[in-house]
>>> print(open('structure-v6.txt').read())   # compact mmCIF, C-alpha atoms and all ligand atoms
# COMPACT_ATOMS: atom_id res chain seq x y z
CA MET A 104 58.04 -1.99 21.37
CA ALA A 105 57.43 -5.56 22.42
CA SER A 106 53.70 -5.04 22.65
CA SER A 107 51.77 -6.40 19.74
CA LEU A 108 53.12 -5.13 16.49
CA HIS A 109 50.56 -4.97 13.82
CA SER A 110 52.78 -5.04 10.86
CA LEU A 111 55.17 -7.50 9.51
CA TYR A 112 57.97 -5.98 11.40
CA PHE A 113 60.83 -8.26 10.72
CA PHE A 114 60.70 -8.47 7.04
CA LEU A 115 59.41 -4.99 6.82
CA ALA A 116 62.06 -3.67 9.12
CA ILE A 117 63.51 -2.90 5.74
CA PHE A 118 60.81 -0.34 5.21
CA ILE A 119 60.45 0.95 8.69
CA CYS A 120 63.32 2.83 10.13
CA SER A 121 63.53 1.37 13.58
CA SER A 122 66.31 1.54 16.08
CA VAL A 123 67.43 -2.02 16.58
CA HIS A 124 68.73 -3.21 19.92
CA ALA A 125 71.42 -5.81 20.25
CA ALA A 126 70.02 -9.34 20.29
CA ASN A 127 70.70 -11.51 23.25
CA VAL A 128 72.90 -14.44 22.41
CA PRO A 129 71.20 -17.65 23.53
CA PRO A 130 72.88 -19.83 26.15
CA SER A 131 73.95 -23.27 25.12
CA ASN A 132 71.45 -25.22 27.23
CA GLY A 133 68.70 -27.20 25.63
CA LEU A 134 68.96 -29.14 22.43
CA VAL A 135 71.08 -27.36 19.85
CA LEU A 136 71.14 -28.43 16.21
CA PRO A 137 73.05 -26.91 13.28
CA VAL A 138 71.28 -25.46 10.22
CA LYS A 139 72.78 -25.25 6.75
CA LYS A 140 71.48 -24.25 3.36
CA ASP A 141 71.79 -26.59 0.42
CA ALA A 142 73.12 -24.45 -2.44
CA LYS A 143 71.42 -26.38 -5.21
CA THR A 144 67.86 -26.56 -3.86
CA SER A 145 67.95 -23.64 -1.38
CA GLN A 146 66.60 -26.02 1.28
CA TYR A 147 67.56 -25.52 4.91
CA TYR A 148 68.52 -28.69 6.70
CA THR A 149 69.76 -29.86 10.05
CA THR A 150 71.90 -32.78 11.14
CA LEU A 151 71.07 -35.09 14.03
CA GLU A 152 71.80 -38.62 15.13
CA MET A 153 69.22 -41.33 15.72
CA GLY A 154 69.18 -44.76 17.31
CA SER A 155 71.66 -46.92 19.18
CA ASN A 156 74.18 -46.68 16.32
CA ARG A 157 73.80 -42.93 16.18
CA VAL A 158 73.04 -42.88 12.47
CA THR A 159 73.50 -39.40 11.01
CA ILE A 160 70.32 -37.93 9.55
CA ASN A 161 70.22 -34.76 7.46
CA ALA A 162 66.67 -33.49 7.54
CA VAL A 163 65.10 -30.52 5.75
CA ILE A 164 63.55 -28.13 8.26
CA ASP A 165 59.86 -27.58 7.70
CA LEU A 166 57.94 -25.37 10.10
CA GLY A 167 54.72 -26.63 8.53
CA SER A 168 55.41 -30.34 8.77
CA GLN A 169 54.14 -32.37 11.72
CA PHE A 170 57.04 -34.57 12.81
CA LEU A 171 60.40 -36.13 12.00
CA TRP A 172 60.55 -38.58 9.13
CA PHE A 173 63.45 -39.93 7.14
CA SER A 174 64.71 -42.75 5.01
CA CYS A 175 65.86 -45.83 6.92
CA ASP A 176 67.68 -47.37 3.98
CA SER A 177 70.84 -47.51 6.08
CA TYR A 178 69.26 -47.39 9.52
CA THR A 179 69.98 -49.99 12.15
CA SER A 180 69.25 -49.58 15.85
CA SER A 181 68.63 -51.89 18.79
CA THR A 182 66.43 -49.28 20.47
CA TYR A 183 63.97 -48.89 17.56
CA ASN A 184 60.40 -49.63 18.62
CA PRO A 185 57.38 -49.52 16.33
CA ILE A 186 54.27 -48.01 17.92
CA PRO A 187 51.55 -50.70 17.84
CA CYS A 188 48.31 -49.79 16.12
CA GLU A 189 45.29 -49.38 18.36
CA SER A 190 47.59 -48.53 21.27
CA GLN A 191 47.23 -45.48 23.50
CA LYS A 192 50.43 -44.10 22.05
CA CYS A 193 49.03 -44.47 18.56
CA GLU A 194 46.06 -42.39 19.62
CA LYS A 195 48.28 -39.83 21.32
CA VAL A 196 50.36 -39.29 18.19
CA LYS A 197 47.16 -39.03 16.14
CA GLY A 198 48.00 -42.14 14.18
CA PHE A 199 45.25 -43.94 12.33
CA GLY A 200 44.89 -47.59 11.36
CA CYS A 201 47.39 -50.38 10.94
CA ILE A 202 50.17 -51.01 8.48
CA GLY A 203 52.17 -54.21 7.92
CA CYS A 204 55.11 -55.28 5.82
CA SER A 205 55.61 -58.52 3.92
CA GLN A 206 59.40 -58.51 3.97
CA ALA A 207 61.85 -59.43 6.72
CA PRO A 208 61.40 -57.21 9.79
CA ARG A 209 63.72 -54.21 10.05
CA PRO A 210 63.27 -50.53 10.94
CA GLY A 211 60.54 -49.21 8.69
CA CYS A 212 59.15 -52.70 8.02
CA THR A 213 57.07 -54.16 10.85
CA ASN A 214 53.59 -55.61 11.28
CA ASP A 215 50.67 -54.18 13.27
CA THR A 216 52.19 -50.72 13.26
CA CYS A 217 50.41 -47.42 13.84
CA ILE A 218 50.13 -45.31 10.68
CA ALA A 219 51.24 -41.71 10.33
CA SER A 220 51.24 -39.64 7.18
CA PRO A 221 54.40 -37.75 6.38
CA TYR A 222 53.82 -35.14 3.70
CA SER A 223 56.33 -34.17 1.05
CA PRO A 224 55.74 -30.53 0.07
CA PHE A 225 58.10 -30.85 -2.87
CA GLU A 226 55.93 -33.47 -4.51
CA ASN A 227 52.68 -32.54 -2.80
CA LEU A 228 52.25 -36.18 -1.74
CA LEU A 229 51.37 -37.99 1.46
CA TYR A 230 53.16 -41.20 2.39
CA PRO A 231 51.17 -43.36 4.82
CA GLU A 232 53.86 -45.16 6.80
CA GLY A 233 54.42 -46.82 10.14
CA ILE A 234 55.39 -44.74 13.13
CA ALA A 235 58.08 -45.78 15.58
CA GLU A 236 60.18 -44.43 18.45
CA ASP A 237 63.90 -44.20 18.99
CA THR A 238 66.48 -42.03 20.71
CA LEU A 239 67.66 -38.77 19.17
CA TYR A 240 71.16 -37.52 19.98
CA SER A 241 72.51 -34.04 19.44
CA LYS A 242 76.13 -32.99 19.19
CA ASN A 243 75.75 -31.04 22.44
CA ASN A 244 75.06 -34.35 24.21
CA MET A 245 71.35 -34.26 24.64
CA LYS A 246 69.39 -37.48 24.29
CA VAL A 247 65.71 -37.52 23.61
CA PHE A 248 64.37 -41.00 24.36
CA GLU A 249 61.33 -42.43 22.61
CA LEU A 250 60.98 -39.71 20.02
CA PRO A 251 58.16 -40.63 17.61
CA PHE A 252 59.09 -40.52 13.94
CA SER A 253 58.41 -42.27 10.70
CA CYS A 254 61.03 -44.05 8.67
CA PHE A 255 60.74 -46.05 5.52
CA HIS A 256 62.46 -47.20 2.40
CA SER A 257 62.39 -44.39 -0.01
CA GLU A 258 62.71 -45.18 -3.67
CA HIS A 259 60.07 -42.69 -4.65
CA LEU A 260 60.74 -39.41 -2.96
CA THR A 261 62.07 -36.64 -5.14
CA GLY A 262 62.64 -32.95 -4.79
CA PHE A 263 64.83 -33.12 -1.71
CA ALA A 264 68.41 -31.90 -1.44
CA ILE A 265 70.66 -34.85 -2.24
CA ILE A 266 72.23 -34.70 1.18
CA ALA A 267 68.90 -34.75 3.00
CA THR A 268 67.36 -38.00 4.10
CA ARG A 269 64.03 -36.14 4.57
CA MET A 270 62.40 -33.83 7.07
CA LEU A 271 62.34 -32.41 10.53
CA GLY A 272 58.82 -31.07 11.03
CA LEU A 273 58.52 -28.32 13.63
CA ALA A 274 54.80 -27.58 13.45
CA ARG A 275 52.59 -27.18 16.50
CA THR A 276 51.92 -30.88 17.14
CA GLU A 277 52.26 -33.35 20.03
CA ILE A 278 55.00 -35.28 18.27
CA SER A 279 57.15 -32.51 16.90
CA LEU A 280 60.62 -32.34 18.39
CA HIS A 281 60.13 -29.14 20.40
CA LYS A 282 56.99 -30.47 22.09
CA GLN A 283 58.67 -33.79 22.88
CA VAL A 284 61.72 -32.03 24.35
CA ALA A 285 59.47 -29.72 26.38
CA ASP A 286 57.46 -32.67 27.75
CA LYS A 287 60.42 -34.94 28.44
CA PHE A 288 62.70 -32.36 30.06
CA LYS A 289 59.98 -30.22 31.67
CA LEU A 290 61.03 -27.20 29.67
CA PRO A 291 58.73 -24.55 28.21
CA ASP A 292 57.62 -25.34 24.68
CA LYS A 293 59.77 -22.83 22.83
CA PHE A 294 62.32 -23.04 20.09
CA ALA A 295 64.50 -20.54 18.31
CA LEU A 296 65.58 -20.76 14.72
CA CYS A 297 68.33 -18.89 12.94
CA ILE A 298 68.69 -19.89 9.30
CA PRO A 299 71.85 -18.95 7.46
CA PRO A 300 72.46 -17.91 3.86
CA ASP A 301 74.65 -20.09 1.63
CA LYS A 302 77.78 -21.37 3.33
CA GLY A 303 76.78 -20.23 6.83
CA VAL A 304 75.93 -22.53 9.72
CA GLY A 305 72.91 -21.41 11.73
CA LYS A 306 71.24 -23.07 14.70
CA ILE A 307 68.02 -24.33 16.17
CA PHE A 308 67.70 -24.07 19.96
CA ILE A 309 65.05 -26.36 21.33
CA GLY A 310 63.85 -26.15 24.91
CA GLY A 311 66.87 -24.04 25.72
CA GLY A 312 64.35 -21.30 25.48
CA LYS A 313 64.48 -20.58 29.23
CA ASP A 314 66.17 -17.26 28.75
CA THR A 315 67.10 -17.78 25.16
CA THR A 316 65.60 -14.83 23.52
CA THR A 317 63.84 -12.92 26.24
CA LYS A 318 65.73 -9.86 25.11
CA LEU A 319 64.69 -10.08 21.49
CA PRO A 320 63.34 -6.61 20.81
CA LEU A 321 60.34 -7.37 18.63
CA SER A 322 57.43 -9.75 18.99
CA THR A 323 54.07 -10.49 17.49
CA PRO A 324 51.33 -12.92 18.58
CA LEU A 325 51.02 -16.31 16.92
CA ILE A 326 47.48 -16.84 15.78
CA ILE A 327 45.55 -19.97 14.92
CA ASN A 328 44.13 -20.61 11.49
CA PRO A 329 40.92 -22.46 12.44
CA VAL A 330 41.08 -24.76 9.41
CA SER A 331 43.90 -27.27 8.95
CA THR A 332 46.35 -26.57 6.13
CA TYR A 333 47.57 -30.20 6.08
CA PRO A 334 46.47 -32.34 3.12
CA ILE A 335 44.46 -34.68 5.38
CA TYR A 336 42.71 -33.73 8.58
CA SER A 337 39.58 -34.30 10.61
CA GLU A 338 36.79 -31.77 10.52
CA GLY A 339 37.37 -29.08 13.12
CA ASP A 340 41.15 -29.50 13.20
CA PRO A 341 42.94 -26.14 13.22
CA SER A 342 46.13 -25.63 11.23
CA ASP A 343 49.31 -26.47 13.10
CA GLU A 344 51.37 -24.06 11.02
CA TYR A 345 52.60 -20.71 12.34
CA PHE A 346 50.40 -17.79 11.39
CA ILE A 347 50.85 -14.17 12.43
CA ASP A 348 48.46 -11.26 12.29
CA VAL A 349 49.75 -8.85 9.68
CA GLN A 350 47.45 -5.87 9.52
CA SER A 351 49.28 -3.65 7.09
CA ILE A 352 52.28 -3.60 4.81
CA ARG A 353 54.35 -0.52 4.33
CA VAL A 354 56.84 0.48 1.74
CA GLU A 355 58.97 3.42 2.78
CA GLY A 356 56.59 4.07 5.64
CA THR A 357 53.50 4.32 3.45
CA PRO A 358 50.86 1.63 3.98
CA LEU A 359 49.79 -0.18 0.82
CA ALA A 360 46.11 -0.10 -0.09
CA ILE A 361 45.18 -3.77 0.40
CA LYS A 362 41.80 -5.31 1.10
CA THR A 363 41.99 -6.37 4.74
CA SER A 364 40.02 -9.53 3.93
CA TYR A 365 43.20 -10.99 2.42
CA LEU A 366 44.95 -10.59 5.74
CA THR A 367 42.36 -12.46 7.81
CA PHE A 368 40.92 -15.98 7.55
CA ASP A 369 37.59 -16.71 5.97
CA LYS A 370 35.34 -19.64 6.96
CA GLU A 371 37.51 -22.08 5.00
CA GLY A 372 40.72 -20.81 6.60
CA VAL A 373 41.75 -19.05 3.38
CA GLY A 374 43.86 -15.91 3.79
CA GLY A 375 46.27 -14.73 6.47
CA THR A 376 50.04 -14.83 6.82
CA LYS A 377 52.26 -17.77 7.69
CA ILE A 378 55.94 -18.44 8.06
CA SER A 379 57.52 -21.18 5.98
CA THR A 380 61.04 -22.46 5.63
CA ILE A 381 60.05 -24.41 2.53
CA ASN A 382 59.32 -21.46 0.25
CA ASN A 383 62.52 -19.93 -1.06
CA PHE A 384 61.07 -16.43 -1.18
CA THR A 385 58.07 -14.68 0.25
CA VAL A 386 54.97 -15.36 -1.82
CA LEU A 387 52.26 -12.70 -1.99
CA HIS A 388 48.67 -12.91 -3.20
CA SER A 389 48.53 -11.13 -6.59
CA SER A 390 46.39 -8.37 -5.10
CA ILE A 391 49.14 -7.67 -2.58
CA TYR A 392 52.06 -8.35 -4.89
CA LYS A 393 50.96 -5.77 -7.44
CA PRO A 394 50.67 -2.71 -5.18
CA PHE A 395 53.76 -3.88 -3.31
CA THR A 396 55.96 -4.00 -6.41
CA ARG A 397 54.48 -0.77 -7.75
CA ALA A 398 55.36 1.04 -4.54
CA PHE A 399 58.82 -0.46 -4.53
CA VAL A 400 59.51 0.46 -8.15
CA LYS A 401 58.29 3.98 -7.49
CA ALA A 402 60.59 4.32 -4.49
CA ALA A 403 63.46 3.05 -6.63
CA SER A 404 62.67 5.41 -9.42
CA ASN A 405 62.56 8.32 -6.96
CA MET A 406 66.07 7.35 -6.07
CA LYS A 407 67.03 7.21 -9.74
CA ILE A 408 67.70 3.49 -9.67
CA LYS A 409 67.22 1.86 -13.05
CA SER A 410 64.91 -1.07 -13.65
CA VAL A 411 66.32 -3.76 -15.90
CA ALA A 412 64.88 -6.86 -17.60
CA ALA A 413 63.32 -9.29 -15.12
CA VAL A 414 64.99 -12.55 -14.21
CA ALA A 415 62.45 -15.33 -13.38
CA PRO A 416 60.84 -16.05 -10.97
CA PHE A 417 61.11 -12.36 -10.16
CA ARG A 418 59.36 -9.54 -11.96
CA GLU A 419 61.18 -6.45 -10.79
CA CYS A 420 64.92 -6.22 -11.17
CA PHE A 421 67.31 -3.33 -10.88
CA ARG A 422 70.83 -2.40 -11.70
CA LYS A 423 73.00 -2.98 -8.70
CA ASP A 424 73.61 0.15 -6.83
CA VAL A 425 75.15 1.19 -3.57
CA TYR A 426 72.01 3.03 -2.52
CA TRP A 427 70.20 -0.22 -1.96
CA ARG A 428 71.66 -0.40 1.51
CA ILE A 429 68.68 1.42 2.91
CA TYR A 430 66.27 -1.28 1.86
CA GLY A 431 67.83 -3.85 4.07
CA GLU A 432 69.30 -7.21 3.45
CA ASN A 433 66.33 -9.48 2.89
CA SER A 434 64.25 -7.69 0.32
CA LEU A 435 66.51 -7.96 -2.69
CA VAL A 436 68.38 -10.90 -4.07
CA LYS A 437 71.46 -10.74 -6.28
CA VAL A 438 70.79 -12.74 -9.45
CA ASN A 439 74.11 -11.89 -11.07
CA ASN A 440 76.93 -9.43 -10.61
CA ASN A 441 74.99 -6.53 -12.03
CA VAL A 442 71.38 -7.25 -11.23
CA LEU A 443 69.33 -7.30 -8.05
CA CYS A 444 65.72 -8.43 -7.99
CA LEU A 445 62.92 -7.80 -5.56
CA ALA A 446 62.90 -11.12 -3.69
CA PHE A 447 59.15 -11.67 -3.62
CA VAL A 448 57.03 -13.79 -5.90
CA ASP A 449 53.48 -13.56 -7.12
CA GLY A 450 51.30 -16.26 -5.54
CA GLY A 451 48.45 -15.86 -8.01
CA LYS A 452 44.85 -14.86 -7.42
CA LYS A 453 43.69 -17.73 -5.24
CA PRO A 454 46.40 -18.92 -2.89
CA ARG A 455 45.31 -20.71 0.27
CA THR A 456 47.43 -18.30 2.33
CA SER A 457 47.77 -14.67 1.21
CA ILE A 458 51.30 -14.11 2.49
CA VAL A 459 53.86 -16.86 2.97
CA ILE A 460 57.03 -15.44 4.44
CA GLY A 461 59.79 -17.53 2.92
CA GLY A 462 63.29 -18.59 3.82
CA TYR A 463 65.20 -15.81 2.13
CA GLN A 464 63.38 -13.19 4.19
CA LEU A 465 64.16 -15.12 7.39
CA GLU A 466 67.87 -15.59 6.82
CA ASP A 467 70.12 -14.07 9.46
CA ASN A 468 67.15 -13.25 11.67
CA LEU A 469 66.86 -15.00 15.02
CA LEU A 470 63.24 -16.07 15.51
CA GLU A 471 61.86 -17.54 18.69
CA PHE A 472 58.62 -19.52 18.52
CA ASP A 473 57.08 -19.40 21.97
CA LEU A 474 54.15 -21.78 22.16
CA VAL A 475 53.58 -21.08 25.84
CA SER A 476 52.80 -17.39 25.37
CA SER A 477 51.82 -17.93 21.75
CA LYS A 478 54.10 -15.38 20.17
CA ILE A 479 57.10 -15.04 17.90
CA SER A 480 59.97 -12.85 18.97
CA PHE A 481 62.64 -11.82 16.55
CA SER A 482 65.88 -10.00 16.25
CA SER A 483 65.41 -8.15 12.97
CA SER A 484 68.42 -8.64 10.74
CA LEU A 485 71.45 -9.69 12.74
CA LEU A 486 73.63 -8.28 10.00
CA ARG A 487 72.75 -4.78 11.15
CA GLN A 488 74.14 -5.70 14.51
CA SER A 489 77.35 -6.96 12.95
CA SER A 490 76.29 -10.50 13.71
CA SER A 491 74.77 -13.38 11.73
CA CYS A 492 73.17 -16.77 12.28
CA SER A 493 76.65 -18.31 12.06
CA ARG A 494 77.60 -16.39 15.19
CA VAL A 495 74.65 -16.92 17.52
C1 LIG A 501 63.89 -22.98 -4.64
O1 LIG A 501 65.00 -22.66 -5.45
C2 LIG A 501 65.59 -23.78 -6.13
C3 LIG A 501 66.80 -23.30 -6.90
O2 LIG A 501 67.61 -22.51 -6.10
C4 LIG A 501 64.56 -24.41 -7.05
O3 LIG A 501 65.13 -25.55 -7.65
C5 LIG A 501 63.33 -24.80 -6.24
O4 LIG A 501 62.33 -25.28 -7.11
C6 LIG A 501 62.78 -23.62 -5.46
N1 LIG A 501 61.77 -24.12 -4.56
C7 LIG A 501 60.60 -23.55 -4.41
C8 LIG A 501 59.66 -24.21 -3.45
O5 LIG A 501 60.28 -22.55 -5.01
C1 LIG A 502 53.92 -59.86 8.88
O1 LIG A 502 53.00 -60.91 8.94
C2 LIG A 502 52.98 -61.73 7.78
C3 LIG A 502 51.83 -62.72 7.93
O2 LIG A 502 51.84 -63.32 9.19
C4 LIG A 502 54.33 -62.40 7.63
O3 LIG A 502 54.35 -63.18 6.47
C5 LIG A 502 55.40 -61.32 7.53
O4 LIG A 502 56.70 -61.88 7.45
C6 LIG A 502 55.34 -60.38 8.71
N1 LIG A 502 56.26 -59.27 8.47
C7 LIG A 502 57.10 -58.81 9.40
C8 LIG A 502 57.92 -57.63 9.01
O5 LIG A 502 57.22 -59.30 10.51
>>> encode(input="structure-v6.txt", output="structure tokens", more="lines below")
Ligand SMILES: *[C@@H]1O[C@H](CO)[C@@H](O)[C@H](O)[C@H]1NC(C)=O
Ligand SMILES: *[C@@H]1O[C@H](CO)[C@@H](O)[C@H](O)[C@H]1NC(C)=O
Amino acid sequence: MASSLHSLYFFLAIFICSSVHAANVPPSNGLVLPVKKDAKTSQYYTTLEMGSNRVTINAVIDLGSQFLWFSCDSYTSSTYNPIPCESQKCEKVKGFGCIGCSQAPRPGCTNDTCIASPYSPFENLLYPEGIAEDTLYSKNNMKVFELPFSCFHSEHLTGFAIIATRMLGLARTEISLHKQVADKFKLPDKFALCIPPDKGVGKIFIGGGKDTTTKLPLSTPLIINPVSTYPIYSEGDPSDEYFIDVQSIRVEGTPLAIKTSYLTFDKEGVGGTKISTINNFTVLHSSIYKPFTRAFVKAASNMKIKSVAAVAPFRECFRKDVYWRIYGENSLVKVNNNVLCLAFVDGGKKPRTSIVIGGYQLEDNLLEFDLVSSKISFSSSLLRQSSSCSRV
């Protein structure tokens, strides 16, 4: 079963009756960070400590973001070092140009500093800022020296969970935490992510991937979108987000009639399927969303389950019913005590990416991103194995 799976097995495990093997519980080596969900914004965030004073940082997890960046409004550290512009390091971290600061020097305000561009997906804005290095500490006593990140004074940023002082980017870049841990500790570049629903505490395992998830039953190759999906990039840069090759989508075992061109990339890198922890729910191109919901509603109606008035942003909602069990845990969301909605949203007719698998569909699934063998392995819902992300 581990050979290449051509359908979206983990979120479609709901539609495909598969026997699910017990997931292997990862060992506690490597860098382990907690993951929680902010109830108000539905953002998933982690907690780490940075700098000589071990300042606590809560950072939203973004698989599509390139590196760690946070507010240094209350950041002090004697080990903080700005990366000079025009240095080799600046080149290595793909920095560009020089930034200065007219105020008194402090973390986030230095002269002749290499520029990076953190991106805020909630505002769709780039923030050109200096890039620096400092030590990251985890609660399980790992120290990552000289981790590149960006920190700045942050009057303007909006859209983030109140608790979060910004973002931990886990994209496929030289300066993302998993690559830095792999390089510095001579570990394979792998990380595993288990995001919890409200009130749970999941985990990220970084570099502990040695035998972390080798027994995860399902896997699919990671593929490269040849055109960057970041707001700024150089010509020829591929995307450093995580794309997988979905070739068909099934509802109750029946493949949907979808034009395959939506599932592949065109010359501009439009199309395909990516995984995102920033989207609350899976977003489907309209031409996929429509047949998908039709098939789902038909299956429901065959089971005599009543449709009820839609609750935005969803279009298809149903009266709560015990029979829903068979559809699995991640396809429907409870919007109130009596109503469940199909937890997918319509991405319109011209989205950059046809399918964006969102956070809700990933909850309580253990996913391992293996950048050495370029594949994602996953557990399918841990709930079916009487486990959860809070227990891995
Ligand atoms: C996610 O859901 C929250 C409410 O739970 C909403 O405020 C936010 O706009 C949603 N985010 C996205 C990206 O859809
Ligand atoms: C940067 O250089 C300018 C001009 O020399 C100076 O006024 C300023 O204080 C310096 N800023 C920092 C943070 O060192």
>>> residues_near_ligand(input="structure-v6.txt", ligand="ligand LIG 502 (chain A)", cutoff="8 Å", atoms="all atoms listed in the file", output="PyMOL selection string")
chain A and resi 203-209+212-215
>>> closest_residue(input="structure-v6.txt", among="A:Pro454, A:Gly167, A:Gly262, A:Pro251", to="ligand LIG 501 (chain A)", atoms="all atoms listed in the file")
A:Gly262
>>> residues_near_ligand(input="structure-v6.txt", ligand="ligand LIG 501 (chain A)", cutoff="9 Å", atoms="all atoms listed in the file", output="count of residues only")
14
>>> atom_distance(input="structure-v6.txt", atom1="atom CA of A:Tyr148", atom2="atom CA of A:Asp301")
11.7 Å
>>> closest_residue(input="structure-v6.txt", among="A:Gly272, A:Pro358, A:Gly451, A:Gly198", to="A:Ser390", atoms="all atoms listed in the file")
A:Gly451
>>> axis_aligned_box(input="structure-v6.txt", around="stretch 473-476 of chain A", padding_each_side="6 Å", output="lines of an AutoDock Vina configuration file")
center_x = 54.9
center_y = -19.6
center_z = 23.9
size_x = 16.3
size_y = 16.4
size_z = 15.9
>>> build_atoms(input="structure-v6.txt", residues="stretch 353-359 of chain A", atoms="all heavy atoms", output="PDB file, in the frame of the given file")
ATOM      1  N   ARG A 353      53.884  -1.852   4.702  1.00  0.00           N
ATOM      2  CA  ARG A 353      54.350  -0.520   4.330  1.00  0.00           C
ATOM      3  C   ARG A 353      55.571  -0.600   3.438  1.00  0.00           C
ATOM      4  O   ARG A 353      56.427  -1.449   3.630  1.00  0.00           O
ATOM      5  CB  ARG A 353      54.764   0.249   5.579  1.00  0.00           C
ATOM      6  CG  ARG A 353      53.623   0.572   6.466  1.00  0.00           C
ATOM      7  CD  ARG A 353      54.164   0.894   7.846  1.00  0.00           C
ATOM      8  NE  ARG A 353      53.076   0.814   8.784  1.00  0.00           N
ATOM      9  CZ  ARG A 353      52.660   1.835   9.517  1.00  0.00           C
ATOM     10  NH1 ARG A 353      53.282   2.994   9.433  1.00  0.00           N
ATOM     11  NH2 ARG A 353      51.650   1.675  10.319  1.00  0.00           N
ATOM     12  N   VAL A 354      55.625   0.305   2.519  1.00  0.00           N
ATOM     13  CA  VAL A 354      56.840   0.480   1.740  1.00  0.00           C
ATOM     14  C   VAL A 354      57.276   1.909   1.984  1.00  0.00           C
ATOM     15  O   VAL A 354      56.485   2.830   1.774  1.00  0.00           O
ATOM     16  CB  VAL A 354      56.583   0.215   0.243  1.00  0.00           C
ATOM     17  CG1 VAL A 354      57.828   0.561  -0.581  1.00  0.00           C
ATOM     18  CG2 VAL A 354      56.206  -1.247   0.013  1.00  0.00           C
ATOM     19  N   GLU A 355      58.474   2.091   2.457  1.00  0.00           N
ATOM     20  CA  GLU A 355      58.970   3.420   2.780  1.00  0.00           C
ATOM     21  C   GLU A 355      58.004   4.153   3.702  1.00  0.00           C
ATOM     22  O   GLU A 355      57.725   5.328   3.499  1.00  0.00           O
ATOM     23  CB  GLU A 355      59.137   4.239   1.495  1.00  0.00           C
ATOM     24  CG  GLU A 355      60.274   3.792   0.627  1.00  0.00           C
ATOM     25  CD  GLU A 355      61.580   4.438   1.053  1.00  0.00           C
ATOM     26  OE1 GLU A 355      61.830   5.578   0.652  1.00  0.00           O
ATOM     27  OE2 GLU A 355      62.311   3.809   1.802  1.00  0.00           O
ATOM     28  N   GLY A 356      57.445   3.433   4.651  1.00  0.00           N
ATOM     29  CA  GLY A 356      56.590   4.070   5.640  1.00  0.00           C
ATOM     30  C   GLY A 356      55.142   4.274   5.205  1.00  0.00           C
ATOM     31  O   GLY A 356      54.281   4.554   6.014  1.00  0.00           O
ATOM     32  N   THR A 357      54.874   4.095   3.921  1.00  0.00           N
ATOM     33  CA  THR A 357      53.500   4.320   3.450  1.00  0.00           C
ATOM     34  C   THR A 357      52.743   3.001   3.355  1.00  0.00           C
ATOM     35  O   THR A 357      53.191   2.081   2.685  1.00  0.00           O
ATOM     36  CB  THR A 357      53.526   4.958   2.030  1.00  0.00           C
ATOM     37  OG1 THR A 357      54.401   6.073   2.080  1.00  0.00           O
ATOM     38  CG2 THR A 357      52.142   5.377   1.594  1.00  0.00           C
ATOM     39  N   PRO A 358      51.594   2.891   4.046  1.00  0.00           N
ATOM     40  CA  PRO A 358      50.860   1.630   3.980  1.00  0.00           C
ATOM     41  C   PRO A 358      50.307   1.395   2.567  1.00  0.00           C
ATOM     42  O   PRO A 358      49.865   2.336   1.908  1.00  0.00           O
ATOM     43  CB  PRO A 358      49.699   1.820   4.969  1.00  0.00           C
ATOM     44  CG  PRO A 358      49.911   3.129   5.630  1.00  0.00           C
ATOM     45  CD  PRO A 358      50.947   3.898   4.875  1.00  0.00           C
ATOM     46  N   LEU A 359      50.353   0.153   2.128  1.00  0.00           N
ATOM     47  CA  LEU A 359      49.790  -0.180   0.820  1.00  0.00           C
ATOM     48  C   LEU A 359      48.274  -0.291   0.972  1.00  0.00           C
ATOM     49  O   LEU A 359      47.782  -0.700   2.023  1.00  0.00           O
ATOM     50  CB  LEU A 359      50.303  -1.538   0.352  1.00  0.00           C
ATOM     51  CG  LEU A 359      51.804  -1.716   0.185  1.00  0.00           C
ATOM     52  CD1 LEU A 359      52.093  -3.144  -0.262  1.00  0.00           C
ATOM     53  CD2 LEU A 359      52.356  -0.718  -0.829  1.00  0.00           C
TER      54      LEU A 359
END
